[in-house]
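Trainee: This is entry.txt (compact mmCIF, C-alpha atoms).
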```txt
# COMPACT_ATOMS: atom_id res chain seq x y z
CA MET K 8 5.43 63.02 -43.19
CA LEU K 9 5.28 59.27 -42.80
CA VAL K 10 4.66 57.64 -39.44
CA ARG K 11 5.60 53.99 -38.76
CA ARG K 12 2.57 52.42 -37.13
CA LEU K 13 2.41 48.82 -38.43
CA SER K 14 4.62 47.04 -35.84
CA ILE K 15 2.61 48.22 -32.83
CA PRO K 16 -0.77 46.75 -33.87
CA ILE K 17 0.88 43.46 -34.86
CA LEU K 18 2.37 43.00 -31.36
CA ALA K 19 -0.83 44.15 -29.71
CA LEU K 20 -2.76 41.46 -31.56
CA ALA K 21 -0.18 38.70 -31.03
CA ILE K 22 -0.14 38.83 -27.22
CA PRO K 23 -3.91 38.48 -26.69
CA ALA K 24 -4.00 35.68 -29.26
CA ALA K 25 -1.37 33.70 -27.30
CA LEU K 26 -3.28 34.24 -24.07
CA ALA K 27 -6.50 33.16 -25.72
CA ALA K 28 -4.89 29.99 -27.02
CA GLN K 29 -3.58 29.22 -23.54
CA ALA K 30 -7.01 29.81 -22.05
CA ARG K 31 -8.50 27.24 -24.43
CA VAL K 32 -6.29 24.41 -23.11
CA PRO K 33 -8.72 21.91 -21.50
CA VAL K 34 -8.30 21.50 -17.76
CA VAL K 35 -10.21 19.42 -15.22
CA ARG K 36 -10.46 21.08 -11.81
CA VAL K 37 -10.46 18.82 -8.76
CA ARG K 38 -11.28 19.85 -5.20
CA ALA K 39 -9.66 17.78 -2.44
CA GLN K 40 -10.57 18.43 1.19
CA ASN K 41 -9.08 17.02 4.38
CA PRO K 42 -12.11 16.62 6.69
CA LEU K 43 -9.91 16.08 9.75
CA GLN K 44 -8.15 18.62 11.93
CA VAL K 45 -4.95 16.58 11.69
CA GLU K 46 -2.06 16.69 9.26
CA ARG K 47 -2.13 14.00 6.55
CA ALA K 48 1.09 13.25 4.71
CA ASP K 49 1.23 11.16 1.54
CA GLU K 50 -2.42 10.59 0.72
CA VAL K 51 -3.05 8.85 -2.60
CA LEU K 52 -6.13 10.33 -4.31
CA GLU K 53 -8.01 8.22 -6.85
CA LEU K 54 -9.53 10.01 -9.86
CA PRO K 55 -11.72 8.19 -12.43
CA TRP K 56 -9.75 7.95 -15.66
CA ALA K 57 -12.76 7.60 -17.96
CA GLU K 58 -14.29 10.85 -16.66
CA LEU K 59 -10.99 12.67 -17.07
CA GLY K 60 -10.62 11.30 -20.59
CA ARG K 61 -14.02 12.63 -21.68
CA ALA K 62 -12.98 16.14 -20.70
CA LEU K 63 -9.34 15.99 -21.81
CA PRO K 64 -8.72 15.00 -25.44
CA GLY K 65 -5.26 13.50 -25.80
CA LEU K 66 -5.09 12.18 -22.23
CA GLY K 67 -2.73 9.22 -22.03
CA ARG K 68 -0.45 7.31 -19.68
CA ASP K 69 2.45 9.56 -20.67
CA ARG K 70 0.33 12.66 -21.24
CA VAL K 71 -1.19 13.55 -17.90
CA ARG K 72 -0.12 16.28 -15.53
CA VAL K 73 -1.58 17.51 -12.22
CA VAL K 74 -0.74 20.95 -10.82
CA ASP K 75 -1.66 22.54 -7.49
CA ALA K 76 -3.68 25.61 -8.49
CA ALA K 77 -2.47 27.67 -5.52
CA THR K 78 1.26 26.98 -5.74
CA GLY K 79 1.83 25.82 -9.32
CA ALA K 80 3.69 22.77 -7.98
CA GLU K 81 3.38 19.63 -10.03
CA ALA K 82 2.03 16.58 -8.18
CA VAL K 83 3.36 13.05 -8.59
CA THR K 84 0.86 10.88 -10.45
CA GLN K 85 0.44 7.28 -11.59
CA SER K 86 -1.88 5.76 -14.17
CA PHE K 87 -3.40 2.64 -12.61
CA ASP K 88 -4.96 -0.38 -14.30
CA ALA K 89 -6.81 -1.92 -11.34
CA ASP K 90 -7.83 -5.21 -12.97
CA GLY K 91 -4.92 -5.88 -15.32
CA ASP K 92 -7.00 -5.74 -18.51
CA GLY K 93 -4.72 -3.20 -20.21
CA THR K 94 -7.07 -0.24 -19.70
CA VAL K 95 -6.33 2.55 -17.23
CA ASP K 96 -9.00 2.78 -14.52
CA GLN K 97 -7.72 5.51 -12.21
CA LEU K 98 -5.31 8.41 -12.06
CA LEU K 99 -3.52 8.29 -8.71
CA VAL K 100 -2.31 11.60 -7.30
CA LEU K 101 0.01 11.97 -4.31
CA ALA K 102 -0.89 14.87 -2.03
CA SER K 103 -0.32 15.99 1.57
CA PHE K 104 -2.70 18.11 3.63
CA TRP K 105 -2.59 20.42 6.62
CA PRO K 106 -5.46 20.09 9.14
CA GLY K 107 -8.73 20.94 7.38
CA GLU K 108 -6.91 22.01 4.20
CA VAL K 109 -8.70 22.29 0.87
CA LYS K 110 -6.68 22.03 -2.35
CA GLU K 111 -7.65 22.72 -5.92
CA LEU K 112 -5.79 20.53 -8.41
CA ARG K 113 -5.74 21.02 -12.17
CA VAL K 114 -5.46 17.99 -14.45
CA GLU K 115 -4.12 18.51 -17.97
CA ALA K 116 -3.43 16.26 -20.95
CA ALA K 117 0.27 17.13 -21.05
CA ALA K 118 3.52 15.38 -20.33
CA PRO K 119 4.84 15.93 -16.79
CA ALA K 120 7.83 18.22 -16.47
CA THR K 121 9.89 15.69 -14.50
CA THR K 122 10.07 11.95 -13.91
CA PRO K 123 9.45 11.20 -10.22
CA LYS K 124 11.67 8.94 -8.16
CA PRO K 125 9.74 5.74 -7.31
CA ARG K 126 8.78 5.38 -3.65
CA VAL K 127 7.35 1.84 -3.86
CA HIS K 128 8.37 -1.34 -5.62
CA ALA K 129 7.33 -4.98 -5.98
CA ARG K 130 9.23 -7.85 -7.59
CA HIS K 131 9.00 -11.58 -8.03
CA ASP K 132 12.18 -13.55 -7.46
CA GLU K 133 12.13 -16.39 -9.97
CA HIS K 134 14.72 -18.51 -8.21
CA ARG K 135 13.11 -18.55 -4.78
CA ASP K 136 9.54 -17.89 -5.97
CA ASP K 137 9.09 -15.01 -3.51
CA VAL K 138 7.14 -11.82 -3.99
CA ALA K 139 8.89 -9.00 -2.15
CA TRP K 140 7.62 -5.43 -1.98
CA GLU K 141 8.39 -2.17 -0.22
CA SER K 142 7.60 1.46 0.39
CA ASP K 143 10.19 4.05 1.34
CA ARG K 144 9.48 3.06 4.98
CA ILE K 145 9.52 -0.75 5.21
CA ALA K 146 9.58 -3.96 3.15
CA PHE K 147 7.79 -7.32 3.11
CA ARG K 148 8.04 -10.77 1.54
CA ILE K 149 5.74 -13.73 1.00
CA TYR K 150 6.46 -17.23 -0.31
CA GLY K 151 5.50 -19.23 -3.40
CA GLN K 152 5.48 -22.96 -4.01
CA GLY K 153 8.79 -22.80 -5.87
CA LEU K 154 10.52 -22.44 -2.52
CA TRP K 155 9.69 -26.08 -1.88
CA ASN K 156 12.06 -27.03 -4.73
CA ALA K 157 14.87 -24.49 -4.22
CA HIS K 158 17.40 -27.05 -3.04
CA GLU K 159 19.90 -24.69 -1.38
CA TYR K 160 17.15 -23.47 0.99
CA GLU K 161 15.22 -25.38 3.59
CA PRO K 162 11.72 -26.01 2.17
CA LEU K 163 9.21 -23.75 3.92
CA VAL K 164 5.45 -24.27 3.98
CA SER K 165 4.01 -20.88 4.89
CA SER K 166 1.58 -18.19 3.76
CA GLY K 167 2.76 -15.82 6.51
CA LEU K 168 4.21 -12.35 5.92
CA ASP K 169 7.92 -11.73 6.31
CA LEU K 170 9.00 -8.23 7.33
CA TRP K 171 12.23 -6.44 6.36
CA VAL K 172 13.15 -3.34 8.37
CA LYS K 173 14.86 -0.33 6.78
CA SER K 174 16.77 2.64 8.18
CA VAL K 175 16.90 4.45 4.81
CA ARG K 176 14.25 5.95 2.52
CA ASP K 177 15.78 4.25 -0.52
CA LEU K 178 14.22 1.24 -2.23
CA VAL K 179 16.41 -1.71 -1.28
CA VAL K 180 14.66 -4.96 -2.23
CA ASP K 181 16.44 -5.45 -5.57
CA LYS K 182 19.79 -4.62 -4.01
CA TRP K 183 19.27 -7.00 -1.09
CA TYR K 184 18.31 -9.91 -3.34
CA GLY K 185 21.46 -9.15 -5.32
CA LYS K 186 23.55 -9.46 -2.14
CA GLY K 187 22.33 -13.01 -1.55
CA HIS K 188 20.28 -14.84 1.08
CA ASP K 189 22.83 -14.78 3.90
CA ALA K 190 23.96 -11.19 3.29
CA TYR K 191 20.59 -9.46 3.64
CA HIS K 192 20.15 -10.94 7.12
CA VAL K 193 23.00 -8.69 8.31
CA ASP K 194 22.61 -4.93 8.71
CA THR K 195 25.29 -3.05 6.79
CA GLY K 196 23.72 0.37 7.27
CA GLU K 197 20.32 0.05 5.56
CA GLY K 198 18.48 -2.43 7.79
CA ALA K 199 18.03 -6.18 7.26
CA ASP K 200 15.75 -9.19 7.39
CA PHE K 201 15.77 -9.89 11.13
CA TYR K 202 12.26 -11.38 11.18
CA THR K 203 11.55 -15.11 11.40
CA VAL K 204 8.28 -16.29 9.85
CA GLY K 205 8.56 -20.06 9.57
CA PRO K 206 5.19 -21.86 9.37
CA THR K 207 3.36 -19.00 11.18
CA LEU K 208 1.18 -16.06 10.19
CA GLY K 209 4.24 -13.82 10.50
CA ALA K 210 3.39 -10.11 10.48
CA GLY K 211 -0.20 -10.16 9.24
CA GLY K 212 -1.08 -13.50 7.69
CA ASP K 213 -4.53 -15.07 7.90
CA ALA K 214 -6.00 -18.54 8.43
CA VAL K 215 -9.35 -20.28 8.55
CA TRP K 216 -10.49 -20.71 12.17
CA ARG K 217 -12.34 -23.93 12.92
CA ASP K 218 -12.95 -25.72 16.21
CA GLY K 219 -10.37 -23.58 18.00
CA LYS K 220 -7.60 -24.25 15.48
CA MET K 221 -5.94 -22.26 12.68
CA TYR K 222 -5.86 -23.67 9.14
CA PRO K 223 -3.69 -21.38 6.97
CA ALA K 224 -3.14 -21.76 3.25
CA LYS K 225 0.18 -23.12 2.02
CA ASN K 226 2.52 -21.15 -0.27
CA PHE K 227 0.93 -19.17 -3.10
CA LYS K 228 0.37 -20.96 -6.39
CA SER K 229 0.48 -17.95 -8.73
CA TYR K 230 0.96 -14.20 -8.66
CA ARG K 231 0.49 -11.11 -10.81
CA ILE K 232 1.91 -7.64 -10.21
CA LEU K 233 -0.68 -5.06 -11.26
CA ALA K 234 1.17 -1.84 -10.41
CA ASP K 235 4.76 -0.96 -9.60
CA GLY K 236 4.97 2.68 -8.65
CA PRO K 237 5.97 5.36 -8.47
CA ILE K 238 3.43 5.90 -5.66
CA ARG K 239 1.45 2.65 -5.41
CA THR K 240 2.34 -1.01 -5.84
CA VAL K 241 -0.34 -3.70 -6.13
CA PHE K 242 -0.08 -7.45 -6.57
CA GLU K 243 -2.38 -10.44 -6.29
CA LEU K 244 -1.75 -13.98 -5.04
CA ARG K 245 -3.77 -17.14 -5.62
CA TYR K 246 -3.66 -20.17 -3.34
CA ASP K 247 -4.52 -23.79 -4.09
CA PRO K 248 -7.54 -25.26 -2.27
CA TRP K 249 -6.76 -26.69 1.15
CA ASP K 250 -8.58 -28.73 3.77
CA ALA K 251 -9.56 -26.43 6.64
CA GLY K 252 -10.84 -28.91 9.20
CA GLY K 253 -13.12 -30.70 6.77
CA VAL K 254 -14.02 -27.70 4.59
CA GLN K 255 -12.34 -27.06 1.23
CA VAL K 256 -11.26 -23.43 0.96
CA THR K 257 -9.45 -21.37 -1.67
CA GLU K 258 -8.11 -17.85 -1.22
CA THR K 259 -7.06 -14.86 -3.32
CA ARG K 260 -5.15 -12.02 -1.66
CA ARG K 261 -4.45 -8.56 -3.02
CA PHE K 262 -1.85 -6.33 -1.37
CA THR K 263 -1.66 -2.56 -1.93
CA LEU K 264 1.18 -0.46 -0.50
CA ASP K 265 1.48 3.30 -1.00
CA ALA K 266 4.37 5.72 -0.75
CA GLY K 267 5.16 6.84 2.79
CA GLN K 268 3.13 4.05 4.42
CA ASN K 269 4.01 1.27 6.87
CA LEU K 270 0.73 -0.60 6.42
CA ASN K 271 -0.55 -2.63 3.48
CA ARG K 272 -4.15 -2.76 2.42
CA GLU K 273 -4.80 -6.51 2.30
CA GLU K 274 -7.95 -7.71 0.55
CA SER K 275 -8.74 -11.42 0.92
CA VAL K 276 -11.41 -13.48 -0.81
CA PHE K 277 -12.12 -16.85 0.79
CA THR K 278 -14.23 -19.25 -1.28
CA THR K 279 -15.67 -22.50 0.08
CA ALA K 280 -16.68 -25.50 -2.01
CA ASP K 281 -20.21 -25.49 -0.52
CA GLY K 282 -20.66 -21.71 -0.41
CA SER K 283 -20.65 -21.58 3.39
CA ASP K 284 -19.30 -18.66 5.40
CA VAL K 285 -15.70 -18.76 6.62
CA ALA K 286 -14.64 -18.03 10.18
CA TYR K 287 -11.05 -16.76 9.97
CA VAL K 288 -8.32 -15.07 11.97
CA ILE K 289 -5.63 -12.58 11.01
CA GLY K 290 -2.76 -11.61 13.23
CA THR K 291 0.88 -11.76 14.17
CA VAL K 292 3.22 -14.35 15.64
CA LYS K 293 4.58 -13.93 19.15
CA ARG K 294 8.26 -13.19 19.66
CA GLU K 295 10.48 -13.22 22.72
CA GLY K 296 9.91 -10.13 24.85
CA LEU K 297 6.88 -9.05 22.83
CA VAL K 298 3.81 -7.38 24.35
CA GLY K 299 0.40 -7.36 22.68
CA SER K 300 -2.17 -4.55 22.83
CA THR K 301 -5.54 -3.76 21.28
CA SER K 302 -7.87 -0.82 20.71
CA ARG K 303 -11.48 -0.52 19.62
CA ALA K 304 -11.65 3.23 20.19
CA GLY K 305 -11.86 4.08 16.48
CA ALA K 306 -13.98 2.90 13.56
CA TRP K 307 -11.05 0.63 12.67
CA GLY K 308 -9.96 -1.45 15.65
CA TRP K 309 -6.40 -2.65 15.87
CA LEU K 310 -4.26 -5.41 17.33
CA ALA K 311 -0.60 -4.51 17.83
CA THR K 312 2.59 -6.02 19.17
CA TRP K 313 5.78 -4.34 20.32
CA GLY K 314 9.09 -5.77 21.39
CA PRO K 315 12.78 -6.18 20.62
CA VAL K 316 13.91 -7.18 17.17
CA GLU K 317 15.29 -10.71 17.09
CA ARG K 318 18.93 -10.40 18.06
CA LYS K 319 20.20 -12.88 15.48
CA ASN K 320 22.81 -11.50 13.07
CA GLY K 321 23.12 -8.33 15.12
CA GLY K 322 19.44 -7.41 15.16
CA HIS K 323 18.79 -4.17 17.05
CA GLY K 324 15.98 -1.81 18.00
CA ASP K 325 12.31 -2.48 18.73
CA LEU K 326 9.68 -3.63 16.25
CA GLY K 327 5.93 -3.06 16.15
CA THR K 328 3.47 -5.07 14.08
CA ALA K 329 -0.24 -4.48 13.63
CA VAL K 330 -3.50 -5.59 12.05
CA LEU K 331 -6.39 -3.15 11.51
CA MET K 332 -9.97 -4.31 10.89
CA PRO K 333 -13.30 -2.45 10.84
CA ARG K 334 -14.42 -2.44 14.47
CA ASP K 335 -17.87 -3.81 13.71
CA ARG K 336 -16.33 -6.85 12.02
CA ILE K 337 -14.18 -7.92 14.96
CA ALA K 338 -15.88 -10.95 16.52
CA GLU K 339 -13.12 -11.88 18.99
CA ILE K 340 -9.60 -10.87 19.98
CA ARG K 341 -7.66 -14.04 20.72
CA GLU K 342 -4.32 -15.04 22.16
CA THR K 343 -3.22 -18.54 21.17
CA GLY K 344 -0.08 -20.31 22.26
CA ASP K 345 1.99 -18.60 19.57
CA HIS K 346 -0.15 -15.82 18.03
CA PHE K 347 -2.22 -12.74 18.73
CA VAL K 348 -5.18 -12.66 16.30
CA LEU K 349 -8.43 -10.91 15.42
CA GLN K 350 -11.31 -13.23 14.55
CA SER K 351 -14.03 -12.44 12.03
CA THR K 352 -16.29 -14.09 9.46
CA ALA K 353 -16.23 -13.77 5.67
CA ARG K 354 -18.92 -14.70 3.18
CA SER K 355 -17.75 -17.12 0.53
CA GLY K 356 -16.48 -15.18 -2.49
CA VAL K 357 -16.91 -11.73 -0.88
CA PRO K 358 -13.76 -9.64 -0.20
CA VAL K 359 -12.73 -8.66 3.32
CA VAL K 360 -10.26 -5.83 3.91
CA HIS K 361 -7.59 -5.37 6.57
CA TYR K 362 -4.44 -3.29 6.98
CA VAL K 363 -1.25 -5.04 8.08
CA GLY K 364 2.35 -4.00 8.58
CA GLY K 365 5.06 -2.93 10.95
CA GLY K 366 7.36 -0.19 12.18
CA TRP K 367 10.94 -0.14 13.49
CA THR K 368 12.58 2.24 15.95
CA ASP K 369 15.78 2.47 13.92
CA SER K 370 13.84 3.75 10.90
CA GLY K 371 13.55 7.06 12.74
CA ASP K 372 9.74 7.06 12.51
CA PHE K 373 8.94 5.44 15.86
CA HIS K 374 10.86 5.94 19.10
CA SER K 375 8.57 4.09 21.50
CA VAL K 376 5.49 1.90 21.69
CA GLU K 377 3.46 5.07 22.32
CA ASP K 378 4.55 6.36 18.90
CA TRP K 379 3.39 3.11 17.33
CA TRP K 380 0.00 3.34 19.07
CA ARG K 381 -0.42 6.96 17.96
CA TYR K 382 0.37 5.96 14.38
CA LEU K 383 -2.28 3.22 14.47
CA ASP K 384 -4.87 5.56 16.01
CA ARG K 385 -4.12 8.11 13.29
CA MET K 386 -4.44 5.46 10.58
CA SER K 387 -7.78 4.35 12.01
CA LEU K 388 -8.95 7.96 11.86
CA ARG K 389 -7.69 8.46 8.30
CA LEU K 390 -9.32 5.26 7.05
CA ALA K 391 -12.66 6.26 8.55
CA ASN K 392 -12.42 9.81 7.13
CA PRO K 393 -10.94 9.72 3.64
CA VAL K 394 -9.98 12.88 1.77
CA ARG K 395 -13.08 14.19 -0.02
CA VAL K 396 -12.44 14.42 -3.75
CA THR K 397 -14.81 16.26 -6.09
CA ILE K 398 -14.39 16.87 -9.81
CA LEU K 399 -15.65 20.41 -10.33
CA PRO K 400 -17.90 21.38 -13.25
CA GLY K 401 -16.36 23.27 -16.11
CA GLY K 402 -12.71 23.87 -16.87
CA ARG K 403 -10.42 26.76 -17.65
```
If you convert what's in this file into structure tokens, what do you get?

Mentor:
Amino acid sequence: MLVRRLSIPILALAIPAALAAQARVPVVRVRAQNPLQVERADEVLELPWAELGRALPGLGRDRVRVVDAATGAEAVTQSFDADGDGTVDQLLVLASFWPGEVKELRVEAAAPATTPKPRVHARHDEHRDDVAWESDRIAFRIYGQGLWNAHEYEPLVSSGLDLWVKSVRDLVVDKWYGKGHDAYHVDTGEGADFYTVGPTLGAGGDAVWRDGKMYPAKNFKSYRILADGPIRTVFELRYDPWDAGGVQVTETRRFTLDAGQNLNREESVFTTADGSDVAYVIGTVKREGLVGSTSRAGAWGWLATWGPVERKNGGHGDLGTAVLMPRDRIAEIRETGDHFVLQSTARSGVPVVHYVGGGWTDSGDFHSVEDWWRYLDRMSLRLANPVRVTILPGGR
């Protein structure tokens, strides 16, 4: 009597072999801990690319995937070249945390399953020589020297920040430029440019402070966009030297805006011809009906304004602006005839970091000035207590 026995051992061997092959796929395990007992939405974690690459053969810009070990959900990531030299420096991972939550993330050298929808964007408008940028919450603009020669517009000498308010989560900057200069000053259901900058600091510009007077840079000379989403946009501006009350100063500014955020990380480097320190201010222009407020309760102090949006072209709602600076760097809080500013000092050639931005009631995120203050207090807390990221030894 013959018994058929061959097919059973073949299957029994095949299944363990497949599992063994899967187990040999290299994985980097990452532990991310929220040290605060507060919820944190849309945190961008920064993982060192070189360290990941040593553990993950085949890692590449298009071959990197991050999965939440507990849920199996795939995280949105971005490969980031921080200095523009063509080499990836960091893997950015978007994650949200409950109070005190600890996550384990698994990084693999594999293509992501889906292409994420961008939540940030930056562009340079060649005709006007503007750089405009946005998150899914708010948008900004700043001016280049080409605006001096754009004959259909009034020449504007300004290094201040313009602010565009949005009532949608969509990215709108490209669409609004396509509508034309006059059209995007009128709200057709998405928000608009209701903000007037002129030759002021706008919503977070800076200036050298000398003998009780502000000396801001003029329009930027050159720009470079270093990252354009999906979760972080970064660009850098360079300004020609200018006379700041008898001292020649140059400046480089780098703006970083992340998904879900209303505030930019602004890094400025002032350089003087003689190497001397630079007293400077950073702040926001006054508007009709606006009230200023300050807080030094947290490790990052803040200066804020709140008041009605300019009513031109049907402007509506209330607008908050803010500047955050490390509390121990705030030398003075000043009110000039047309600005509220924080004063500090920078060493020549050494970066200083601030956070600047705004929030609008009709965005749905802020209903009152108290909401705006709570947001700034929470940001101060988050900046002082970043998510703790640890690459764990060993893999799967």

Trainee: Within 12 Å of Met386 in chain K, counting only C-alpha atoms, which residues qualify if same-chain residues fewer than 2 places away don't, as an NGL selection string?

Mentor: :K and (43 or 45-48 or 50 or 268-272 or 305-309 or 329-333 or 361-364 or 379-384 or 388-393)

Trainee: Please, what distance in Å, to one decimal, runs between CA of Glu317 in chain K and CA of Gly212 in chain K?

Mentor: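 These atoms are spaced 19.1 Å apart.
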
Trainee: With all atoms listed in the file counted, which protein, DNA or RNA residues have an atom no more than 10 Å from (-3.7, 11.5, -18.1) in the file frame? Please answer as a list in words.

Mentor: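 Within 10 Å of (-3.7, 11.5, -18.1), the protein and nucleic acid residues are Trp56, Ala57, Leu59, Gly60, Leu63, Pro64, Gly65, Leu66, Gly67, Arg68, Asp69, Arg70, Val71, Arg72, Val73, Thr84, Gln85, Ser86, Val95, Gln97, Leu98, Leu99, Val114, Glu115, Ala116, Ala117, Ala118 and Pro119 of chain K.
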
Trainee: Taking into account all atoms listed in the file, which residue in the set K:Gly267, K:Pro315, K:Gly299, K:Gly185 is nearest to Arg126 in chain K?

Mentor: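 Checking each candidate against Arg126 in chain K, we get K:Gly267 as the closest.
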
Trainee: List every protein, DNA or RNA residue with an atom no more than 6 Å from (3.6, 15.3, -5.8) in the file's coordinates, counting all atoms listed in the file, and format the result as a PDB file with C-alpha atoms, in the coordinates of the input.

Mentor:
```
ATOM      1  CA  ALA K  82       2.030  16.580  -8.180  1.00  0.00           C
ATOM      2  CA  VAL K  83       3.360  13.050  -8.590  1.00  0.00           C
ATOM      3  CA  LEU K 101       0.010  11.970  -4.310  1.00  0.00           C
ATOM      4  CA  ALA K 102      -0.890  14.870  -2.030  1.00  0.00           C
TER       5      ALA K 102
END
```

Trainee: Please, what distance in Å, to one decimal, runs between CA of Thr352 in chain K and CA of Val51 in chain K?

Mentor: 29.1 Å

Trainee: For each of K:Ala266, K:Ala39, K:Val204, K:Ala234, take the minimum atom-to-atom distance to Lys124 in chain K, counting all atoms listed in the file, then give the residue where this is smallest.

Mentor: K:Ala266

Trainee: Specify the axis-aligned box that encloses all atoms of range 300-303 of chain K listed in the file after padding of 8 Å on each side, stating its centre and edge lengths in Å to one decimal as AutoDock Vina command-line options.

Mentor:
```
--center_x -6.8 --center_y -2.5 --center_z 21.2 --size_x 25.3 --size_y 20.0 --size_z 19.2
```

Trainee: Could you check which of K:Thr78, K:Asn156, K:Thr263, K:Thr195 is closest to Phe242 in chain K, using all atoms listed in the file?

Mentor: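 Ranked by minimum distance to Phe242 in chain K, first place goes to K:Thr263.
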
Trainee: Counting only C-alpha atoms, what is within 9 Å of Val357 in chain K, bar same-chain residues fewer than 5 positions away, as number ranges by chain?

Mentor: K: 275-278

Trainee: Pick from K:Arg231, K:Ser302, K:Ile337, K:Leu208: nearest to Asp90 in chain K, with all atoms listed in the file counted?

Mentor: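 Among the listed residues, K:Arg231 lies closest to Asp90 in chain K.
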
Trainee: Could you please determine the separation between CA of Ala338 in chain K and CA of Ser283 in chain K in Å, to one decimal place?

Mentor: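 Interatomic distance, CA of Ala338 in chain K to CA of Ser283 in chain K: 17.6 Å.
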
Trainee: Go through K:Phe227, K:Lys220, K:Asp235, K:Gly253 and flag the residue nearest Gly344 in chain K, using all atoms listed in the file for the distances.

Mentor: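 Of K:Phe227, K:Lys220, K:Asp235, K:Gly253, the one nearest Gly344 in chain K, counting all atoms listed in the file, is K:Lys220.
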
Trainee: Looking at K:Ile232, K:Ala353, K:Val298, K:Ala129, which one is nearest to Thr279 in chain K, with distances taken over all atoms listed in the file?

Mentor: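 Closest candidate: K:Ala353.
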
Trainee: At a cut-off of 10 Å, using all atoms listed in the file, what residues contact Val179 in chain K? Leave out same-chain residues fewer than 5 positions from it and give the result as a list in words.

Mentor: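 So, after excluding close chain neighbours, the residues are His128, Trp140, Glu141, Ser142, Asp143, Ile145, Ala146, Trp171, Lys173, Tyr184, Gly185, Glu197, Gly198 and Ala199 of chain K.
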
Trainee: Do a neighbour search on Ala210 in chain K at 10 Å with only C-alpha atoms, toss out local chain neighbours closer than 4 positions, and write the hits as a list in words.

Mentor: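 Counting only the stated atoms, we get Phe147, Gly167, Leu168, Asp169, Leu170, Tyr202, Thr203, Val204, Ile289, Gly290, Thr291, Val292, Lys293, Thr312, Gly327, Thr328, Ala329, Val330, Val363, Gly364 and Gly365 of chain K.
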